[in-house]
file input-v5.cif (mmCIF, C-alpha atoms)
data_work
loop_
_atom_site.label_atom_id
_atom_site.label_comp_id
_atom_site.auth_asym_id
_atom_site.auth_seq_id
_atom_site.Cartn_x
_atom_site.Cartn_y
_atom_site.Cartn_z
CA MET A 1 15.35 15.60 -10.90
CA GLY A 2 12.53 15.35 -13.45
CA ILE A 3 12.71 11.54 -13.43
CA GLU A 4 12.43 11.35 -9.64
CA ARG A 5 9.47 13.77 -9.58
CA THR A 6 7.66 11.70 -12.21
CA TRP A 7 8.17 8.47 -10.28
CA LYS A 8 6.81 10.20 -7.16
CA THR A 9 3.72 11.01 -9.21
CA ILE A 10 3.39 7.33 -10.17
CA VAL A 11 3.66 6.32 -6.50
CA PHE A 12 0.94 8.88 -5.68
CA LEU A 13 -1.32 7.33 -8.33
CA GLY A 14 -0.64 3.93 -6.78
CA VAL A 15 -1.77 5.27 -3.40
CA ILE A 16 -4.97 6.49 -5.06
CA PHE A 17 -5.53 2.95 -6.37
CA VAL A 18 -5.03 1.42 -2.91
CA GLY A 19 -7.47 3.96 -1.49
CA SER A 20 -10.08 3.00 -4.07
CA VAL A 21 -9.59 -0.67 -3.16
CA LEU A 22 -10.13 0.01 0.51
CA ARG A 23 -13.18 2.12 -0.30
CA VAL A 24 -14.92 -0.75 -2.06
CA ALA A 25 -13.93 -3.38 0.52
CA GLY A 26 -17.17 -4.65 1.95
CA GLN A 27 -19.27 -3.46 -1.00
CA GLY A 28 -21.17 -5.81 -3.29
CA ASN A 29 -20.31 -6.60 -6.88
CA ASP A 30 -23.25 -6.09 -9.22
CA SER A 31 -21.77 -8.42 -11.84
CA LEU A 32 -21.76 -11.57 -9.69
CA VAL A 33 -23.85 -13.19 -6.97
CA ASN A 34 -22.58 -12.50 -3.42
CA VAL A 35 -22.84 -14.70 -0.35
CA SER A 36 -21.98 -12.01 2.22
CA PRO A 37 -21.88 -8.21 2.42
CA ARG A 38 -18.27 -8.57 3.59
CA LYS A 39 -16.24 -9.02 0.45
CA PHE A 40 -12.55 -9.64 1.31
CA VAL A 41 -10.30 -11.57 3.64
CA HIS A 42 -7.04 -9.83 4.55
CA GLY A 43 -3.60 -11.32 5.11
CA LEU A 44 0.15 -10.80 5.54
CA ARG A 45 3.09 -12.56 3.92
CA VAL A 46 6.87 -12.54 4.46
CA GLU A 47 9.29 -13.95 1.86
CA GLY A 48 13.00 -14.55 1.41
CA ARG A 49 14.50 -14.85 -2.08
CA PRO A 50 18.10 -16.03 -2.75
CA GLU A 51 18.74 -15.14 -6.40
CA TYR A 52 21.32 -15.58 -9.14
CA ILE A 53 22.23 -12.52 -11.25
CA PHE A 54 22.47 -13.18 -14.98
CA PRO A 55 25.97 -12.04 -16.16
CA THR A 56 24.66 -9.85 -18.98
CA SER A 57 27.46 -7.25 -18.86
CA SER A 58 31.20 -7.02 -18.32
CA PHE A 59 30.51 -5.01 -15.16
CA LEU A 60 28.93 -8.07 -13.54
CA LYS A 61 31.71 -10.33 -14.83
CA GLY A 62 34.41 -8.40 -12.94
CA ALA A 63 35.11 -5.25 -15.00
CA ASN A 64 34.27 -3.00 -12.04
CA ALA A 65 36.03 -0.92 -9.40
CA GLU A 66 36.38 -3.90 -7.03
CA GLY A 67 37.43 -6.33 -9.76
CA ARG A 68 34.98 -8.94 -8.46
CA ILE A 69 32.29 -11.05 -10.06
CA ILE A 70 28.78 -10.04 -8.99
CA ARG A 71 26.57 -13.10 -9.24
CA GLY A 72 24.32 -13.34 -6.16
CA ALA A 73 21.50 -11.35 -4.57
CA PHE A 74 19.19 -11.77 -1.60
CA SER A 75 15.93 -9.99 -0.90
CA THR A 76 13.32 -9.97 1.85
CA HIS A 77 9.71 -9.00 1.22
CA LEU A 78 6.77 -7.92 3.37
CA LYS A 79 3.33 -7.99 1.75
CA TYR A 80 -0.22 -7.00 2.63
CA LEU A 81 -2.80 -8.92 0.60
CA PHE A 82 -6.54 -9.37 0.34
CA ARG A 83 -8.57 -12.11 -1.36
CA TYR A 84 -12.24 -12.87 -1.96
CA ARG A 85 -14.06 -14.80 0.76
CA PRO A 86 -13.84 -18.59 0.41
CA GLY A 87 -16.76 -20.05 -1.48
CA SER A 88 -17.77 -16.78 -3.12
CA VAL A 89 -18.55 -16.71 -6.82
CA ASP A 90 -15.62 -14.35 -7.45
CA GLU A 91 -13.22 -16.70 -5.69
CA ARG A 92 -14.38 -19.66 -7.79
CA ILE A 93 -14.32 -17.83 -11.13
CA TYR A 94 -10.88 -16.27 -10.69
CA GLY A 95 -9.11 -19.16 -8.96
CA ASP A 96 -8.57 -17.85 -5.43
CA VAL A 97 -7.22 -14.58 -6.80
CA TYR A 98 -5.45 -12.24 -4.37
CA GLN A 99 -3.73 -8.86 -4.69
CA GLY A 100 -2.03 -6.23 -2.57
CA ILE A 101 1.04 -4.07 -2.00
CA GLY A 102 4.57 -5.13 -1.08
CA LEU A 103 7.99 -3.89 0.03
CA GLY A 104 11.21 -5.64 -1.02
CA PHE A 105 14.69 -5.00 0.37
CA TYR A 106 17.53 -6.02 -2.01
CA ASN A 107 21.21 -6.70 -1.39
CA PHE A 108 23.44 -7.42 -4.41
CA GLY A 109 26.63 -7.70 -2.34
CA GLU A 110 28.07 -4.54 -3.90
CA SER A 111 26.40 -1.56 -2.22
CA ARG A 112 29.10 0.96 -3.25
CA GLN A 113 28.63 0.37 -6.97
CA LEU A 114 24.99 -0.83 -7.17
CA GLY A 115 23.38 0.29 -3.93
CA ASN A 116 20.85 -1.57 -1.79
CA PRO A 117 17.55 -0.71 -3.49
CA VAL A 118 14.11 -0.92 -1.93
CA ALA A 119 11.19 -1.98 -4.15
CA PHE A 120 7.60 -0.78 -3.67
CA TYR A 121 5.10 -2.67 -5.81
CA LEU A 122 1.61 -3.89 -6.54
CA PHE A 123 1.09 -7.63 -6.98
CA GLN A 124 -1.56 -10.15 -7.95
CA GLY A 125 -1.66 -13.92 -8.06
CA ALA A 126 -4.06 -16.85 -8.37
CA ARG A 127 -4.24 -20.62 -8.20
CA ILE A 128 -3.19 -22.56 -11.30
CA SER A 129 -4.11 -26.02 -10.03
CA SER A 130 -5.13 -27.84 -6.84
CA LEU A 131 -2.78 -30.81 -6.41
CA ALA A 132 -4.18 -32.01 -3.06
CA PRO A 133 -6.47 -30.63 -0.32
CA TRP A 134 -3.37 -29.18 1.36
CA LEU A 135 -1.24 -28.38 -1.73
CA SER A 136 -1.78 -26.08 -4.73
CA LEU A 137 0.24 -24.48 -7.54
CA HIS A 138 0.05 -20.67 -7.95
CA TYR A 139 1.46 -17.81 -10.01
CA GLU A 140 2.09 -14.20 -8.99
CA TRP A 141 3.37 -11.03 -10.68
CA ASN A 142 4.90 -7.95 -9.03
CA PHE A 143 5.13 -4.54 -10.68
CA GLY A 144 6.45 -1.33 -9.16
CA LEU A 145 9.45 0.89 -8.52
CA SER A 146 12.84 0.37 -6.92
CA ALA A 147 14.78 3.27 -5.37
CA GLY A 148 18.22 3.56 -3.82
CA TRP A 149 20.38 2.48 -6.76
CA LYS A 150 23.91 3.81 -7.31
CA PRO A 151 23.67 4.77 -11.00
CA TYR A 152 26.34 5.35 -13.60
CA ASP A 153 28.43 8.46 -13.07
CA SER A 154 31.31 9.35 -15.40
CA TYR A 155 33.49 10.34 -12.43
CA TYR A 156 32.29 8.50 -9.30
CA ASN A 157 30.82 5.27 -10.75
CA SER A 158 32.07 4.95 -14.32
CA TYR A 159 32.23 1.13 -14.36
CA ASN A 160 28.51 0.72 -13.79
CA THR A 161 27.30 0.80 -17.40
CA MET A 162 24.09 -1.10 -16.53
CA ILE A 163 22.03 1.22 -14.34
CA GLY A 164 21.54 4.85 -15.39
CA SER A 165 19.07 6.21 -12.80
CA LYS A 166 18.49 6.18 -9.05
CA VAL A 167 14.89 4.96 -9.51
CA ASN A 168 14.08 1.98 -11.75
CA ALA A 169 11.06 -0.10 -12.66
CA TYR A 170 10.73 -3.47 -10.93
CA ILE A 171 9.04 -6.42 -12.69
CA ASN A 172 8.81 -9.90 -11.15
CA ALA A 173 7.08 -13.24 -11.76
CA ASN A 174 6.71 -16.11 -9.28
CA PHE A 175 5.55 -19.71 -9.65
CA TYR A 176 5.22 -21.48 -6.33
CA LEU A 177 3.64 -24.28 -4.30
CA ARG A 178 1.37 -23.32 -1.42
CA TRP A 179 1.48 -25.84 1.44
CA ARG A 180 -1.45 -25.35 3.83
CA LEU A 181 -0.15 -25.96 7.37
CA SER A 182 -3.43 -24.91 9.01
CA PRO A 183 -6.61 -23.14 7.85
CA ARG A 184 -4.95 -19.75 8.42
CA VAL A 185 -1.22 -20.40 7.85
CA SER A 186 0.52 -21.58 4.66
CA LEU A 187 4.13 -22.20 3.62
CA LEU A 188 5.23 -21.08 0.14
CA SER A 189 8.14 -22.38 -1.96
CA GLY A 190 8.93 -21.85 -5.61
CA LEU A 191 10.75 -20.01 -8.40
CA THR A 192 11.14 -16.24 -8.87
CA VAL A 193 12.38 -14.13 -11.82
CA SER A 194 13.03 -10.35 -11.64
CA HIS A 195 13.95 -7.50 -13.98
CA PHE A 196 15.12 -3.96 -13.11
CA SER A 197 15.42 -1.14 -15.65
CA ASN A 198 14.39 2.50 -16.17
CA GLY A 199 12.34 2.01 -19.33
CA ASN A 200 14.89 3.85 -21.49
CA THR A 201 14.25 7.12 -19.66
CA LYS A 202 17.99 7.51 -19.08
CA ILE A 203 21.08 5.93 -20.65
CA PRO A 204 22.68 3.51 -19.76
CA ASN A 205 19.75 1.14 -19.46
CA ALA A 206 21.13 -2.39 -19.80
CA GLY A 207 19.09 -3.43 -16.76
CA LEU A 208 19.65 -6.23 -14.26
CA ASN A 209 17.99 -9.67 -14.31
CA THR A 210 17.81 -12.35 -11.62
CA ILE A 211 16.39 -15.83 -11.09
CA GLY A 212 16.19 -17.78 -7.87
CA GLY A 213 14.19 -19.45 -5.15
CA ASN A 214 11.36 -18.07 -3.07
CA ILE A 215 10.27 -19.26 0.36
CA GLY A 216 7.61 -17.56 2.43
CA LEU A 217 5.02 -17.74 5.16
CA GLU A 218 1.47 -16.45 4.74
CA CYS A 219 -1.20 -15.75 7.35
CA ASN A 220 -4.83 -15.02 6.39
CA PHE A 221 -7.19 -13.51 8.97
CA TYR A 222 -10.19 -15.75 8.31
CA ARG A 223 -13.29 -15.53 10.50
CA LYS A 224 -15.21 -18.58 11.71
CA ASP A 225 -17.72 -18.45 8.86
CA ASP A 226 -14.83 -18.21 6.36
CA LEU A 227 -13.29 -21.40 7.79
CA LYS A 228 -16.59 -23.23 7.36
CA SER A 229 -16.65 -22.19 3.69
CA LEU A 230 -13.09 -23.47 3.25
CA GLU A 231 -14.16 -26.96 4.29
CA ARG A 232 -17.24 -27.31 2.12
CA LYS A 233 -18.21 -26.80 -1.49
CA VAL A 234 -21.15 -24.47 -1.99
CA ALA A 235 -23.22 -24.62 -5.17
CA LEU A 236 -23.47 -21.03 -6.36
CA ILE A 237 -25.14 -19.87 -9.53
CA THR A 238 -23.37 -17.20 -11.56
CA GLN A 239 -24.78 -15.08 -14.29
CA PRO A 240 -23.88 -16.52 -17.71
CA PHE A 241 -21.05 -14.49 -19.22
CA ARG A 242 -22.29 -12.19 -21.98
CA ARG A 243 -19.76 -12.04 -24.80
CA HIS A 244 -19.43 -8.46 -25.96
CA PHE A 245 -17.15 -5.74 -27.31
CA THR A 246 -15.51 -3.11 -25.13
CA TYR A 247 -13.73 0.00 -26.41
CA ASP A 248 -10.65 1.35 -24.64
CA PHE A 249 -9.24 4.84 -25.23
CA VAL A 250 -5.78 5.40 -23.71
CA PHE A 251 -3.82 8.66 -23.64
CA PHE A 252 -0.20 8.44 -22.51
CA GLY A 253 2.98 10.45 -22.19
CA SER A 254 6.59 9.76 -21.31
CA TRP A 255 10.15 10.63 -22.24
CA HIS A 256 13.27 8.76 -23.30
CA ASP A 257 16.97 9.11 -23.95
CA ARG A 258 18.45 7.90 -27.20
CA LEU A 259 21.73 7.42 -29.02
CA VAL A 260 22.54 9.91 -31.79
CA LYS A 261 24.63 8.84 -34.77
CA THR A 262 27.95 10.70 -35.10
CA SER A 263 30.87 10.52 -37.52
CA ASP A 264 32.66 7.93 -35.37
CA GLY A 265 29.71 5.90 -34.04
CA PHE A 266 26.91 6.73 -31.60
CA SER A 267 26.75 9.10 -28.64
CA PRO A 268 24.07 9.59 -25.92
CA SER A 269 21.70 12.45 -26.60
CA PRO A 270 22.32 15.59 -24.52
CA GLU A 271 18.69 15.66 -23.35
CA ALA A 272 15.59 13.52 -22.96
CA TYR A 273 12.82 13.76 -25.54
CA PRO A 274 9.05 13.72 -24.94
CA VAL A 275 6.71 11.01 -26.18
CA PHE A 276 2.92 11.38 -26.44
CA GLY A 277 0.35 9.05 -27.89
CA PHE A 278 -3.02 7.37 -27.89
CA ASN A 279 -4.47 3.89 -28.36
CA PHE A 280 -7.99 3.11 -29.52
CA THR A 281 -8.61 -0.59 -28.89
CA PRO A 282 -11.86 -2.45 -29.61
CA MET A 283 -11.68 -5.73 -27.66
CA TYR A 284 -13.89 -8.80 -27.91
CA ASN A 285 -14.52 -10.25 -24.44
CA LEU A 286 -14.59 -14.05 -24.82
CA ASN A 287 -15.05 -14.86 -21.13
CA TYR A 288 -14.30 -13.50 -17.68
CA LYS A 289 -10.53 -13.74 -18.21
CA LEU A 290 -9.72 -13.18 -21.90
CA ARG A 291 -10.06 -10.29 -24.37
CA LEU A 292 -8.74 -10.14 -27.94
CA GLY A 293 -8.67 -7.17 -30.29
CA VAL A 294 -6.88 -4.78 -32.62
CA SER A 295 -5.53 -1.37 -31.64
CA LEU A 296 -4.96 1.85 -33.55
CA ASP A 297 -1.75 3.35 -32.07
CA GLY A 298 -0.77 6.98 -32.61
CA THR A 299 2.60 8.31 -31.43
CA PHE A 300 4.57 11.56 -31.38
CA ASP A 301 8.25 10.90 -30.57
CA GLY A 302 10.34 14.01 -30.04
CA GLY A 303 13.53 11.95 -30.35
CA ALA A 304 12.72 10.38 -33.72
CA ASN A 305 14.69 11.10 -36.89
CA LEU A 306 17.20 13.46 -35.25
CA TYR A 307 20.52 13.92 -37.01
CA THR A 308 23.75 15.87 -36.55
CA ASP A 309 24.80 18.83 -38.66
CA GLY A 310 28.17 18.17 -40.26
CA ASP A 311 30.99 16.04 -38.88
CA VAL A 312 30.59 15.44 -35.14
CA TYR A 313 32.97 13.28 -33.12
CA GLY A 314 32.64 12.07 -29.53
CA SER A 315 29.99 13.67 -27.31
CA VAL A 316 27.06 15.56 -28.81
CA ASP A 317 25.85 19.03 -27.81
CA LYS A 318 22.34 20.39 -28.35
CA SER A 319 23.71 22.72 -31.02
CA ASP A 320 24.92 19.70 -33.03
CA ILE A 321 21.45 18.19 -33.37
CA VAL A 322 19.03 19.08 -36.14
CA ARG A 323 15.34 18.40 -35.58
CA PRO A 324 13.27 17.19 -38.53
CA PRO A 325 9.86 18.64 -39.46
CA LEU A 326 7.19 17.75 -36.87
CA GLY A 327 5.42 15.55 -39.38
CA ASP A 328 8.45 13.25 -39.45
CA GLN A 329 8.05 12.59 -35.72
CA PHE A 330 4.46 11.30 -35.91
CA ALA A 331 3.54 7.67 -36.53
CA LEU A 332 0.37 5.62 -36.81
CA GLY A 333 0.38 1.87 -36.29
CA LEU A 334 -1.85 -1.19 -35.95
CA SER A 335 -1.29 -3.89 -33.33
CA GLY A 336 -2.95 -7.14 -32.33
CA ARG A 337 -3.77 -7.25 -28.60
CA ALA A 338 -4.53 -9.97 -26.05
CA GLU A 339 -5.47 -9.20 -22.44
CA TYR A 340 -5.67 -11.39 -19.34
CA VAL A 341 -8.49 -9.98 -17.22
CA MET A 342 -8.61 -10.28 -13.44
CA PRO A 343 -10.24 -8.18 -10.70
CA PHE A 344 -8.55 -4.77 -10.39
CA PHE A 345 -5.85 -5.51 -13.00
CA VAL A 346 -5.63 -6.31 -16.71
CA VAL A 347 -2.30 -7.55 -18.12
CA GLY A 348 -1.91 -7.19 -21.89
CA VAL A 349 0.53 -7.93 -24.70
CA GLY A 350 0.61 -6.62 -28.24
CA ILE A 351 2.53 -6.94 -31.51
CA GLY A 352 2.24 -4.35 -34.26
CA ALA A 353 3.85 -2.21 -36.92
CA ASN A 354 3.64 1.43 -37.95
CA VAL A 355 1.82 1.86 -41.24
CA ILE A 356 2.61 5.60 -41.28
CA GLY A 357 6.06 6.72 -40.12
CA LYS A 358 9.38 7.64 -41.68
CA ASN A 359 12.85 6.19 -41.07
CA ASP A 360 13.17 5.69 -37.26
CA LEU A 361 9.41 5.33 -36.99
CA ASN A 362 9.13 2.69 -39.70
CA MET A 363 9.25 -0.13 -37.15
CA PHE A 364 7.92 -3.43 -35.88
CA TYR A 365 7.01 -3.02 -32.19
CA GLN A 366 5.89 -5.02 -29.15
CA LEU A 367 4.01 -3.91 -26.04
CA LEU A 368 3.50 -5.05 -22.47
CA THR A 369 0.74 -3.21 -20.58
CA LEU A 370 -0.87 -3.11 -17.16
CA LYS A 371 -4.27 -1.49 -16.62
CA ILE A 372 -5.15 -0.64 -13.02
CA ALA A 373 -8.87 -0.16 -12.40
CA LEU A 374 -10.08 2.98 -10.64
CA SER A 375 -13.74 2.35 -11.51
CA ARG A 376 -15.83 0.45 -14.04
CA ALA A 377 -14.89 2.91 -16.81
CA VAL A 378 -11.57 4.53 -15.77
CA PHE A 379 -8.15 2.96 -15.34
CA LEU A 380 -4.50 3.89 -14.97
CA HIS A 381 -2.28 2.66 -17.79
CA VAL A 382 1.38 1.63 -17.52
CA GLY A 383 3.08 0.19 -20.58
CA TYR A 384 6.49 -0.55 -22.05
CA ARG A 385 7.21 -0.63 -25.76
CA LEU A 386 10.05 -2.48 -27.50
CA GLN A 387 11.05 -2.66 -31.12
CA ASN A 388 12.33 -5.78 -32.86
CA PHE A 389 11.79 -7.69 -29.56
CA ASN A 390 15.06 -6.47 -27.99
CA GLU A 391 15.49 -2.69 -28.28
CA PRO A 392 13.90 -0.57 -25.52
CA ASN A 393 11.67 2.14 -26.96
CA PHE A 394 9.75 4.05 -24.28
CA LEU A 395 7.37 3.87 -21.33
CA MET A 396 3.64 4.56 -21.74
CA LEU A 397 2.24 6.28 -18.62
CA GLY A 398 -1.34 7.47 -18.87
CA ILE A 399 -5.02 7.12 -18.23
CA GLY A 400 -7.69 5.13 -20.05
CA PHE A 401 -11.45 5.06 -20.48
CA ARG A 402 -13.51 1.94 -21.20
CA PHE A 403 -16.87 2.05 -22.93
CA ASN A 404 -19.57 -0.66 -22.99
CA GLY A 405 -18.14 -2.51 -20.00
CA LYS A 406 -20.63 -5.14 -18.81
CA TYR A 407 -18.96 -5.94 -15.51
CA THR A 408 -17.53 -3.90 -12.68
CA ALA A 409 -13.80 -3.41 -12.25
CA PHE A 410 -13.94 -4.79 -8.73
#

call {"tool": "encode", "arguments": {"input": "input-v5.cif", "output": "C-alpha cells"}}
result
Amino acid sequence: MGIERTWKTIVFLGVIFVGSVLRVAGQGNDSLVNVSPRKFVHGLRVEGRPEYIFPTSSFLKGANAEGRIIRGAFSTHLKYLFRYRPGSVDERIYGDVYQGIGLGFYNFGESRQLGNPVAFYLFQGARISSLAPWLSLHYEWNFGLSAGWKPYDSYYNSYNTMIGSKVNAYINANFYLRWRLSPRVSLLSGLTVSHFSNGNTKIPNAGLNTIGGNIGLECNFYRKDDLKSLERKVALITQPFRRHFTYDFVFFGSWHDRLVKTSDGFSPSPEAYPVFGFNFTPMYNLNYKLRLGVSLDGTFDGGANLYTDGDVYGSVDKSDIVRPPLGDQFALGLSGRAEYVMPFFVVGVGIGANVIGKNDLNMFYQLLTLKIALSRAVFLHVGYRLQNFNEPNFLMLGIGFRFNGKYTAF
C-alpha cells in the first residue's frame, strides 16, 4: 500500500501545480512585454491512438495464461490545454507553446492479465516548423501516472513478468502535423511512442513500450481580438536575453526493489529500500530555451552493497541479508547536465559517474528529469536514474530551489 499512497501524494502535488497555473492565468509576466492583461487562450483536444506493442518479453510473445500473442493496443485521450495569446511575445519566443492536463484510457486486448489502465498526465508541446499557413509540425511530451494494471502475482497472475505494480509511470512523446481547418478547429495526425514502468519501485519492472499513430481534433476558444492577431504579424520588442548563471538545489527521496545475489543466482529482495539525495547544479543560461551545467550529486542508497550471510538458495528472507556499514551506502558523483527550458516545465538530461562510492555505487549513471515550476524560485522535481544506459536504478521525487533566476517561471 505504500506505493499507492506515494503516487496519491504525487497526484496531489500535480493538482497544486494546476492550481498555481490557474492562479496566474490573466496575470502579466515581468520578464517579457505583454500585449493584453489576459494571458492565455484555452482549448480542448480529443485523440485516438492505435499502437503496436514491442514484443520485449516472452509474456507478450504468447507465454501467458491465454497462450496468445499480445501485439496491439488502442487508447483514447481527452485533454484540456492552454496557450499564450496569438501574437504575444511569449508565443513568438516559445513557438506557440501549449500545456495542460490529460486523461488516457488504454486497452491492450488482454484485460485479465494486463488490465485496462487509465493514465493521468501533464503535457506540453510546441511548434517545430511552419510548413504552410494552414499546416505546421509540432512535438509534444506527456508525463504522468497510469492506474488499473493487473500486476504480477505468484498465484493469480504468474505469467505477467513485466508489470509489478498496480500504478506505473507513463511517459509519451508525439510528433504530429497540425492541419488548421478553421481559425478555431484543427486536425492532428502523427506518430506516438509510449513507455510504462514503475521506476524500479517494485520487481518485476520490465515495462511495456508501444509505438503507433495519433489522430485528433483540437478546438481553441479564441476571442475576436485573438483571431485578428492570428491573421497579422505584430512587431513586438522583447528584452534582450541576459546570459547568466542560475543555481539549483534539489532534495529528493524514493525507494526501490533490487535483486540480491544468492548461491544459485539472484532473488528479489524481501523489502524495498529507501533512497535519499541532493543535487547542486550551477547552470549557464545561454538563451530562453537552453541551460548547460555540471551537477554535484549526493546519494544514500539503503539497498546498496547488501549481501547474504552464508549459503542461501532460492528466495531470500530479511534474516539472510547483511547490511554494510552506512558509509558504504553513500556516494558522491559529478554529472554534466543540459536542460530544455519552456514556460512552467524544464526537461533535463544528464550523464555522470560517482567519484566516491564502493562496489555497487561505483557506477556510470544517466538521468532524465522534469522540473515543474511552482514559482520563480521553487519547483517540483521528478527524475529517473539509470546505470550503464539500460539498468533501472531509482526514481528521484523531490523539491528544488533556484537562485539568481532572471525570469519568471510563468

call {"tool": "closest_residue", "arguments": {"input": "input-v5.cif", "among": "A:His195, A:Arg83, A:Arg49, A:Arg184", "to": "Asn220 in chain A", "atoms": "all atoms listed in the file"}}
result
A:Arg184

call {"tool": "closest_residue", "arguments": {"input": "input-v5.cif", "among": "A:Ile128, A:Val46, A:Ala304, A:Ile171", "to": "Leu187 in chain A", "atoms": "all atoms listed in the file"}}
result
A:Val46

call {"tool": "residues_around", "arguments": {"input": "input-v5.cif", "residues": "range 66-80 of chain A", "least_positions_apart": "6", "cutoff": "7 Å", "atoms": "all atoms listed in the file", "output": "PyMOL selection string"}}
result
chain A and resi 43-53+60+100-109

call {"tool": "atom_distance", "arguments": {"input": "input-v5.cif", "atom1": "CA of Tyr284 in chain A", "atom2": "CA of Val97 in chain A"}}
result
22.9 Å

call {"tool": "residues_around", "arguments": {"input": "input-v5.cif", "residues": "Phe245 in chain A", "least_positions_apart": "5", "cutoff": "12 Å", "atoms": "all atoms listed in the file", "output": "PyMOL selection string"}}
result
chain A and resi 281-287+290-294+402-407
